[in-house]
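The next block is input-v5.cif, given as mmCIF, C-alpha atoms.
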```
data_target
#
loop_
_atom_site.group_PDB
_atom_site.id
_atom_site.type_symbol
_atom_site.label_atom_id
_atom_site.label_comp_id
_atom_site.auth_asym_id
_atom_site.auth_seq_id
_atom_site.Cartn_x
_atom_site.Cartn_y
_atom_site.Cartn_z
ATOM 1 C CA TRP A 30 -101.672 -49.160 -48.512
ATOM 2 C CA HIS A 31 -104.678 -50.269 -46.492
ATOM 3 C CA GLN A 32 -107.012 -48.295 -48.744
ATOM 4 C CA ILE A 33 -105.412 -49.629 -51.932
ATOM 5 C CA SER A 34 -105.623 -53.244 -50.762
ATOM 6 C CA GLY A 35 -109.183 -52.595 -49.531
ATOM 7 C CA VAL A 36 -110.278 -51.431 -52.974
ATOM 8 C CA ALA A 37 -108.577 -54.511 -54.481
ATOM 9 C CA ALA A 38 -110.473 -56.724 -52.000
ATOM 10 C CA TRP A 39 -113.686 -54.910 -52.981
ATOM 11 C CA GLY A 40 -113.075 -55.673 -56.670
ATOM 12 C CA LEU A 41 -112.245 -59.307 -55.939
ATOM 13 C CA ARG A 42 -115.369 -59.672 -53.810
ATOM 14 C CA LEU A 43 -117.493 -58.249 -56.630
ATOM 15 C CA ALA A 44 -115.932 -60.670 -59.136
ATOM 16 C CA THR A 45 -116.422 -63.563 -56.693
ATOM 17 C CA ASN A 46 -120.105 -62.697 -56.262
ATOM 18 C CA GLN A 47 -120.607 -62.426 -60.016
ATOM 19 C CA LYS A 48 -119.049 -65.850 -60.609
ATOM 20 C CA GLY A 49 -121.203 -67.155 -57.768
ATOM 21 C CA GLU A 50 -124.285 -65.903 -59.620
ATOM 22 C CA GLU A 51 -123.148 -67.800 -62.711
ATOM 23 C CA ALA A 52 -122.612 -70.947 -60.626
ATOM 24 C CA ILE A 53 -126.082 -70.680 -59.030
ATOM 25 C CA ARG A 54 -127.742 -70.361 -62.432
ATOM 26 C CA SER A 55 -125.973 -73.542 -63.592
ATOM 27 C CA LEU A 56 -126.692 -75.733 -60.542
ATOM 28 C CA ARG A 57 -127.750 -79.234 -61.565
ATOM 29 C CA ARG A 58 -128.220 -82.524 -59.767
ATOM 30 C CA THR A 59 -125.268 -84.852 -60.435
ATOM 31 C CA GLN A 60 -127.510 -87.806 -61.313
ATOM 32 C CA GLU A 61 -130.030 -85.799 -63.316
ATOM 33 C CA PRO A 62 -129.164 -87.339 -66.731
ATOM 34 C CA GLU A 63 -129.640 -90.892 -65.431
ATOM 35 C CA ALA A 64 -132.850 -89.943 -63.623
ATOM 36 C CA ASN A 65 -134.208 -88.294 -66.790
ATOM 37 C CA LEU A 66 -133.540 -91.436 -68.829
ATOM 38 C CA LEU A 67 -135.300 -93.524 -66.211
ATOM 39 C CA LEU A 68 -138.276 -91.173 -66.211
ATOM 40 C CA LEU A 69 -138.520 -91.066 -70.009
ATOM 41 C CA SER A 70 -138.511 -94.858 -70.257
ATOM 42 C CA ASN A 71 -141.785 -95.151 -68.297
ATOM 43 C CA PRO A 72 -143.008 -91.900 -66.697
ATOM 44 C CA GLU A 73 -146.020 -93.244 -64.766
ATOM 45 C CA GLN A 74 -144.189 -96.170 -63.218
ATOM 46 C CA ASN A 75 -140.777 -94.553 -62.631
ATOM 47 C CA TRP A 76 -141.906 -91.194 -61.187
ATOM 48 C CA PRO A 77 -141.354 -92.203 -57.505
ATOM 49 C CA LEU A 78 -137.906 -93.608 -58.290
ATOM 50 C CA TYR A 79 -137.046 -90.478 -60.292
ATOM 51 C CA GLN A 80 -138.002 -88.281 -57.314
ATOM 52 C CA LEU A 81 -135.934 -90.425 -54.942
ATOM 53 C CA ILE A 82 -132.856 -90.214 -57.183
ATOM 54 C CA MET A 83 -133.205 -86.454 -57.615
ATOM 55 C CA ASP A 84 -133.743 -85.862 -53.890
ATOM 56 C CA ARG A 85 -130.622 -87.835 -52.963
ATOM 57 C CA SER A 86 -128.414 -86.513 -55.755
ATOM 58 C CA GLN A 87 -125.874 -83.798 -54.937
ATOM 59 C CA LEU A 88 -125.898 -80.374 -56.573
ATOM 60 C CA LYS A 89 -122.974 -79.205 -58.693
ATOM 61 C CA ALA A 90 -122.431 -76.059 -60.737
ATOM 62 C CA LYS A 91 -121.851 -76.749 -64.422
ATOM 63 C CA ARG A 92 -120.274 -73.298 -64.979
ATOM 64 C CA GLY A 93 -118.451 -70.832 -62.809
ATOM 65 C CA GLY A 94 -117.967 -72.991 -59.718
ATOM 66 C CA GLY A 95 -114.198 -73.444 -60.092
ATOM 67 C CA ALA A 96 -113.611 -69.796 -60.930
ATOM 68 C CA HIS A 97 -115.855 -68.800 -58.010
ATOM 69 C CA ARG A 98 -113.782 -70.885 -55.578
ATOM 70 C CA SER A 99 -110.499 -69.506 -56.978
ATOM 71 C CA LEU A 100 -111.709 -65.922 -56.745
ATOM 72 C CA ALA A 101 -112.956 -66.583 -53.221
ATOM 73 C CA SER A 102 -109.455 -67.698 -52.205
ATOM 74 C CA LEU A 103 -107.943 -64.544 -53.707
ATOM 75 C CA THR A 104 -110.580 -62.446 -51.946
ATOM 76 C CA VAL A 105 -109.739 -64.012 -48.580
ATOM 77 C CA GLY A 106 -106.046 -63.274 -49.231
ATOM 78 C CA ALA A 107 -106.815 -59.652 -50.080
ATOM 79 C CA TYR A 108 -108.969 -59.366 -46.947
ATOM 80 C CA ALA A 109 -106.146 -60.797 -44.819
ATOM 81 C CA LEU A 110 -103.655 -58.330 -46.312
ATOM 82 C CA THR A 111 -106.037 -55.415 -45.812
ATOM 83 C CA ALA A 112 -106.827 -56.398 -42.222
ATOM 84 C CA GLY A 113 -103.141 -56.938 -41.467
ATOM 85 C CA LEU A 114 -102.270 -53.503 -42.805
ATOM 86 C CA ALA A 115 -105.020 -51.957 -40.667
ATOM 87 C CA LEU A 116 -103.987 -53.791 -37.507
ATOM 88 C CA LEU A 117 -100.266 -53.086 -37.938
ATOM 89 C CA SER A 118 -100.621 -49.411 -38.799
ATOM 90 C CA PRO A 119 -100.134 -46.798 -36.118
ATOM 91 C CA SER A 120 -103.362 -45.389 -34.758
ATOM 92 C CA ARG A 121 -104.118 -41.801 -35.625
ATOM 93 C CA ALA A 122 -104.421 -39.183 -32.955
ATOM 94 C CA ARG A 123 -108.103 -38.709 -32.193
ATOM 95 C CA GLU A 124 -109.260 -35.381 -30.971
ATOM 96 C CA THR A 125 -112.625 -36.581 -29.611
ATOM 97 C CA ASP A 126 -114.420 -39.782 -28.810
ATOM 98 C CA GLU A 127 -117.232 -38.932 -31.223
ATOM 99 C CA PHE A 128 -118.546 -41.410 -33.753
ATOM 100 C CA ASP A 129 -116.888 -40.559 -37.091
ATOM 101 C CA SER A 130 -116.115 -42.164 -40.450
ATOM 102 C CA VAL A 131 -113.284 -44.265 -38.949
ATOM 103 C CA SER A 132 -115.653 -45.603 -36.280
ATOM 104 C CA ALA A 133 -118.268 -46.385 -38.944
ATOM 105 C CA HIS A 134 -115.628 -48.095 -41.089
ATOM 106 C CA LYS A 135 -114.511 -50.304 -38.184
ATOM 107 C CA LEU A 136 -118.084 -51.219 -37.273
ATOM 108 C CA LEU A 137 -118.918 -52.122 -40.877
ATOM 109 C CA ALA A 138 -115.703 -54.171 -41.091
ATOM 110 C CA LEU A 139 -117.058 -56.484 -38.397
ATOM 111 C CA VAL A 140 -120.194 -57.114 -40.450
ATOM 112 C CA HIS A 141 -118.586 -57.695 -43.846
ATOM 113 C CA PHE A 142 -115.851 -59.851 -42.299
ATOM 114 C CA ALA A 143 -118.467 -61.990 -40.515
ATOM 115 C CA ALA A 144 -120.238 -62.485 -43.842
ATOM 116 C CA LEU A 145 -116.959 -63.461 -45.525
ATOM 117 C CA ALA A 146 -116.031 -65.857 -42.713
ATOM 118 C CA SER A 147 -119.387 -67.664 -42.964
ATOM 119 C CA MET A 148 -119.151 -68.314 -46.704
ATOM 120 C CA PRO A 149 -117.177 -71.608 -46.679
ATOM 121 C CA ALA A 150 -119.667 -73.241 -44.304
ATOM 122 C CA LEU A 151 -122.591 -71.999 -46.400
ATOM 123 C CA GLY A 152 -120.934 -73.274 -49.581
ATOM 124 C CA LYS A 153 -120.509 -76.775 -48.162
ATOM 125 C CA LYS A 154 -124.230 -76.977 -47.454
ATOM 126 C CA ILE A 155 -125.174 -76.431 -51.104
ATOM 127 C CA GLU A 156 -124.215 -79.940 -52.271
ATOM 128 C CA HIS A 157 -126.592 -81.616 -49.859
ATOM 129 C CA LYS A 158 -129.199 -79.049 -48.890
ATOM 130 C CA GLY A 159 -129.940 -77.767 -52.370
ATOM 131 C CA PRO A 160 -131.072 -74.488 -53.857
ATOM 132 C CA GLY A 161 -132.204 -73.054 -50.507
ATOM 133 C CA ALA A 162 -128.618 -73.230 -49.230
ATOM 134 C CA ALA A 163 -127.389 -71.615 -52.451
ATOM 135 C CA ARG A 164 -129.862 -68.750 -51.973
ATOM 136 C CA ARG A 165 -128.696 -68.249 -48.373
ATOM 137 C CA MET A 166 -125.088 -68.093 -49.548
ATOM 138 C CA GLN A 167 -126.105 -65.644 -52.281
ATOM 139 C CA GLN A 168 -127.917 -63.396 -49.792
ATOM 140 C CA VAL A 169 -125.049 -63.405 -47.294
ATOM 141 C CA GLY A 170 -122.536 -62.809 -50.102
ATOM 142 C CA TRP A 171 -124.341 -59.763 -51.449
ATOM 143 C CA ALA A 172 -125.081 -58.410 -47.953
ATOM 144 C CA GLY A 173 -121.367 -58.678 -47.129
ATOM 145 C CA PHE A 174 -120.466 -56.971 -50.386
ATOM 146 C CA GLY A 175 -122.965 -54.204 -49.618
ATOM 147 C CA THR A 176 -121.479 -53.529 -46.190
ATOM 148 C CA LEU A 177 -117.971 -53.622 -47.678
ATOM 149 C CA THR A 178 -119.088 -51.051 -50.256
ATOM 150 C CA VAL A 179 -120.455 -48.779 -47.536
ATOM 151 C CA ALA A 180 -117.273 -49.289 -45.479
ATOM 152 C CA VAL A 181 -115.203 -48.109 -48.452
ATOM 153 C CA ALA A 182 -117.612 -45.275 -49.230
ATOM 154 C CA VAL A 183 -117.540 -43.709 -45.748
ATOM 155 C CA PHE A 184 -113.993 -42.530 -46.428
ATOM 156 C CA TYR A 185 -114.687 -41.008 -49.814
ATOM 157 C CA PHE A 186 -118.172 -39.505 -49.505
#
```

Kindly transcribe the structure held in the file into structure tokens.
Amino acid sequence: WHQISGVAAWGLRLATNQKGEEAIRSLRRTQEPEANLLLLSNPEQNWPLYQLIMDRSQLKAKRGGGAHRSLASLTVGAYALTAGLALLSPSRARETDEFDSVSAHKLLALVHFAALASMPALGKKIEHKGPGAARRMQQVGWAGFGTLTVAVAVFYF
């Protein structure tokens, strides 16, 4: 059951990352339309005001943001189920203390869980800190997905 829920969490994490990519591509400043009108009315005179408005305006995704948040919630639920199944299952008899695929899987779980746990805080920074925060979230999201993929793969390959 742990493996089945782990593969489901993997698929949800992939879908979440893909929707996140869509949201990043559609990021816009909330007051961009008003700032553009101001700039078009008198570009030379209104340029400083335009820059001020754009710098202080929050970022919002025009597409994919809601689906990304919903998928993220499902992913966290699948992670919780998978972790619960792992923690509640009886431990297998180990013949040696050598580093094996189970040890690698557990070590990788720490990394991909840490990436998942940091995502809400990174997401909150996007509104105010801009595209740089979105890129950091993107990098952490894909790094976490990569380590989750390797954690799944160590059992099958």

Item to complete: Apply the PyMOL selection byres ((chain A and resi 176) around 12) to the structure shown and report the selected residues as a list in words.
Response: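 Selected by the PyMOL selection byres ((chain A and resi 176) around 12) in this file: Trp39, Arg42, Ala133, His134, Lys135, Leu136, Leu137, Ala138, Leu139, Val140, His141, Phe142, Ala143, Ala144, Leu145, Val169, Gly170, Trp171, Ala172, Gly173, Phe174, Gly175, Leu177, Thr178, Val179, Ala180, Val181, Ala182 and Val183 of chain A.
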
Can you tell me, as a PDB file with C-alpha atoms, keeping the file's coordinate frame, what residues are no more than 12 Å from A:Gly161 when counting all atoms listed in the file, ignoring any on the same chain fewer than 3 positions away?
```pdb
ATOM      1  CA  ILE A  53    -126.082 -70.680 -59.030  1.00  0.00           C
ATOM      2  CA  LEU A  56    -126.692 -75.733 -60.542  1.00  0.00           C
ATOM      3  CA  LEU A  88    -125.898 -80.374 -56.573  1.00  0.00           C
ATOM      4  CA  LEU A 151    -122.591 -71.999 -46.400  1.00  0.00           C
ATOM      5  CA  GLY A 152    -120.934 -73.274 -49.581  1.00  0.00           C
ATOM      6  CA  LYS A 154    -124.230 -76.977 -47.454  1.00  0.00           C
ATOM      7  CA  ILE A 155    -125.174 -76.431 -51.104  1.00  0.00           C
ATOM      8  CA  GLU A 156    -124.215 -79.940 -52.271  1.00  0.00           C
ATOM      9  CA  HIS A 157    -126.592 -81.616 -49.859  1.00  0.00           C
ATOM     10  CA  LYS A 158    -129.199 -79.049 -48.890  1.00  0.00           C
ATOM     11  CA  ARG A 164    -129.862 -68.750 -51.973  1.00  0.00           C
ATOM     12  CA  ARG A 165    -128.696 -68.249 -48.373  1.00  0.00           C
ATOM     13  CA  MET A 166    -125.088 -68.093 -49.548  1.00  0.00           C
ATOM     14  CA  GLN A 167    -126.105 -65.644 -52.281  1.00  0.00           C
ATOM     15  CA  GLN A 168    -127.917 -63.396 -49.792  1.00  0.00           C
TER      16      GLN A 168
END
```

Fill in: Among the residues A:Ser55, A:Gln80, A:Val131, A:Ser86, the one that comes closest to A:Ala115 [using all atoms listed in the file]
A:Val131

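With distances restricted to only C-alpha atoms, A:Ala101 is the closest residue to A:Met148 from A:Leu43, A:Ala101, A:Ala109, A:Leu114.
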
Discussion item. For this structure, which residues satisfy the selection - the PyMOL selection byres ((chain A and resi 111) around 8) - when it is evaluated on the file as given? I want them as JSON, numbers by chain.
Written reply: {"A": [31, 32, 34, 35, 38, 107, 108, 109, 110, 112, 113, 114, 115]}

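Excluding A:Arg57 itself and any same-chain residue fewer than 6 positions from it, the protein and nucleic acid residues within 9 Å of it, counting all atoms listed in the file, are Gln87, Leu88, Lys89, Ala90 and Lys91 of chain A.
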
Worksheet entry | Who sits within 12 Å of A:Leu66, only C-alpha atoms, same chain under 2 positions skipped, as a list of chain:residue names | A:Gln60, A:Glu61, A:Pro62, A:Glu63, A:Ala64, A:Leu68, A:Leu69, A:Ser70, A:Asn71, A:Pro72, A:Asn75, A:Trp76, A:Leu78, A:Tyr79, A:Ile82

All file atoms of stretch 171-185 of chain A boxed axis-aligned, 3 Å per side, centre plus edges, as JSON:
```
{"center_x": -119.5, "center_y": -50.4, "center_z": -48.5, "size_x": 17.1, "size_y": 24.8, "size_z": 12.0}
```

Only N, CA and C atoms, please: stretch 67-91 of chain A from the block, as a JSON list (two decimals), in the first residue's frame.
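out16.json, freshly written:
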```json
[["chain", "number", "residue", "atom", "x", "y", "z"],
["A", 67, "LEU", "N", -1.78, 54.58, -17.79],
["A", 67, "LEU", "CA", -1.09, 55.78, -17.33],
["A", 67, "LEU", "C", 0.14, 56.04, -18.19],
["A", 68, "LEU", "N", 0.89, 55.00, -18.48],
["A", 68, "LEU", "CA", 2.10, 55.15, -19.29],
["A", 68, "LEU", "C", 1.76, 55.58, -20.71],
["A", 69, "LEU", "N", 0.73, 55.00, -21.29],
["A", 69, "LEU", "CA", 0.36, 55.34, -22.67],
["A", 69, "LEU", "C", -0.15, 56.77, -22.80],
["A", 70, "SER", "N", -0.73, 57.30, -21.72],
["A", 70, "SER", "CA", -1.27, 58.66, -21.81],
["A", 70, "SER", "C", -0.16, 59.70, -21.97],
["A", 71, "ASN", "N", 1.00, 59.48, -21.35],
["A", 71, "ASN", "CA", 2.12, 60.41, -21.49],
["A", 71, "ASN", "C", 3.39, 59.68, -21.04],
["A", 72, "PRO", "N", 4.03, 58.95, -21.95],
["A", 72, "PRO", "CA", 5.15, 58.09, -21.57],
["A", 72, "PRO", "C", 6.31, 58.81, -20.89],
["A", 73, "GLU", "N", 6.75, 59.96, -21.43],
["A", 73, "GLU", "CA", 7.91, 60.64, -20.86],
["A", 73, "GLU", "C", 7.65, 61.12, -19.43],
["A", 74, "GLN", "N", 6.49, 61.68, -19.21],
["A", 74, "GLN", "CA", 6.17, 62.25, -17.91],
["A", 74, "GLN", "C", 5.77, 61.19, -16.88],
["A", 75, "ASN", "N", 5.08, 60.14, -17.31],
["A", 75, "ASN", "CA", 4.52, 59.17, -16.37],
["A", 75, "ASN", "C", 5.40, 57.94, -16.12],
["A", 76, "TRP", "N", 6.59, 57.88, -16.75],
["A", 76, "TRP", "CA", 7.45, 56.71, -16.58],
["A", 76, "TRP", "C", 7.80, 56.45, -15.11],
["A", 77, "PRO", "N", 8.22, 57.45, -14.32],
["A", 77, "PRO", "CA", 8.54, 57.17, -12.91],
["A", 77, "PRO", "C", 7.34, 56.65, -12.11],
["A", 78, "LEU", "N", 6.17, 57.22, -12.37],
["A", 78, "LEU", "CA", 4.96, 56.77, -11.68],
["A", 78, "LEU", "C", 4.59, 55.35, -12.10],
["A", 79, "TYR", "N", 4.75, 55.06, -13.38],
["A", 79, "TYR", "CA", 4.50, 53.70, -13.89],
["A", 79, "TYR", "C", 5.40, 52.70, -13.16],
["A", 80, "GLN", "N", 6.69, 53.01, -13.06],
["A", 80, "GLN", "CA", 7.64, 52.12, -12.38],
["A", 80, "GLN", "C", 7.26, 51.92, -10.92],
["A", 81, "LEU", "N", 6.85, 52.98, -10.25],
["A", 81, "LEU", "CA", 6.45, 52.90, -8.85],
["A", 81, "LEU", "C", 5.24, 51.99, -8.68],
["A", 82, "ILE", "N", 4.24, 52.16, -9.54],
["A", 82, "ILE", "CA", 3.03, 51.32, -9.48],
["A", 82, "ILE", "C", 3.39, 49.86, -9.71],
["A", 83, "MET", "N", 4.20, 49.60, -10.73],
["A", 83, "MET", "CA", 4.56, 48.22, -11.06],
["A", 83, "MET", "C", 5.40, 47.58, -9.95],
["A", 84, "ASP", "N", 6.28, 48.34, -9.35],
["A", 84, "ASP", "CA", 7.13, 47.80, -8.28],
["A", 84, "ASP", "C", 6.32, 47.45, -7.03],
["A", 85, "ARG", "N", 5.26, 48.20, -6.78],
["A", 85, "ARG", "CA", 4.46, 47.99, -5.57],
["A", 85, "ARG", "C", 3.25, 47.07, -5.80],
["A", 86, "SER", "N", 3.00, 46.73, -7.02],
["A", 86, "SER", "CA", 1.86, 45.88, -7.36],
["A", 86, "SER", "C", 2.19, 44.40, -7.10],
["A", 87, "GLN", "N", 1.22, 43.67, -6.59],
["A", 87, "GLN", "CA", 1.42, 42.25, -6.31],
["A", 87, "GLN", "C", 1.36, 41.44, -7.60],
["A", 88, "LEU", "N", 1.98, 40.26, -7.56],
["A", 88, "LEU", "CA", 1.94, 39.33, -8.69],
["A", 88, "LEU", "C", 0.81, 38.33, -8.49],
["A", 89, "LYS", "N", 0.12, 38.01, -9.56],
["A", 89, "LYS", "CA", -0.92, 36.99, -9.55],
["A", 89, "LYS", "C", -0.83, 36.19, -10.84],
["A", 90, "ALA", "N", -1.13, 34.92, -10.75],
["A", 90, "ALA", "CA", -1.15, 34.06, -11.94],
["A", 90, "ALA", "C", -2.51, 34.19, -12.61],
["A", 91, "LYS", "N", -2.51, 34.44, -13.91],
["A", 91, "LYS", "CA", -3.77, 34.54, -14.64],
["A", 91, "LYS", "C", -4.35, 33.15, -14.96]]
```
